[in-house]
Structures are given as structure tokens and as C-alpha cells.
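Please read the structure below before turning to the comments.
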Amino acid sequence: MNKPKMTYFEKEDILHLVISDEPESDRVELSPNITVELNRDGELIGIEILNASAFIQDAVLDTNLAKRLSLASTEIS
């Protein structure tokens with residue numbers, strides 16, 4: 001396995017993660033803005049995230065909210 005690489009295309013707001021330099025054989029859309037790239041054996045070799053800035057912002061906010069809710073529930077106990 002190769003060292004993973006990440007490229008952000010600012011103009012298009014696309015984040016591309018390359019896990020392996022193997023040729024892409026198939027793509028699967030996981031959600032409207034997330035596509036995974038697969039090799040001929042069906043193994044994950046890359047991930048493409050459209051509207052990446054909004055996706056990352058939402059993920060960070062969701063994580064922070066989950067942490068706060070978790071802390072609040074332990075304080076109540």
C-alpha cells in the first residue's frame with residue numbers, strides 16, 4: 001500500500017484522498033457528495049468529497065456537539 005495523499009482543489013471545493021496509486025476500476029456514490037474509488041478487486045483506493053468545505057465544517061460541528069452532549073450527560077449522572 002502506498003502512502004495516502006490528500007489534495008484540495010479550492011476553486012472546485014473538492015477534497016480528493018488517494019489511498020493507493022492503483023488504477024481505478026469502479027466508483028460508488030455513498031451520498032450525493034461522497035464517492036469512493038475502487039480497484040479491480042473492489043478495494044478502496046480513493047475518496048472524493050464534493051463541497052468539501054461544508055462537509056468538513058459540518059463534521060467538525062457534529063463532533064463538537066456530540067462531545068458536548070456526552071459531557072453534559074456524564075455531568076448529570
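We label chains A, B, ... in the order they appear in the C-alpha cells, count residues from 1 in each chain, and number ligands from 1 in the order shown.
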> Skipping near chain neighbours, those fewer than 3 positions away, what residues fall within 9 Å of range 34-45 of chain A using only C-alpha atoms, listed as a PyMOL selection string?
Replying inline: chain A and resi 17-31+48-50
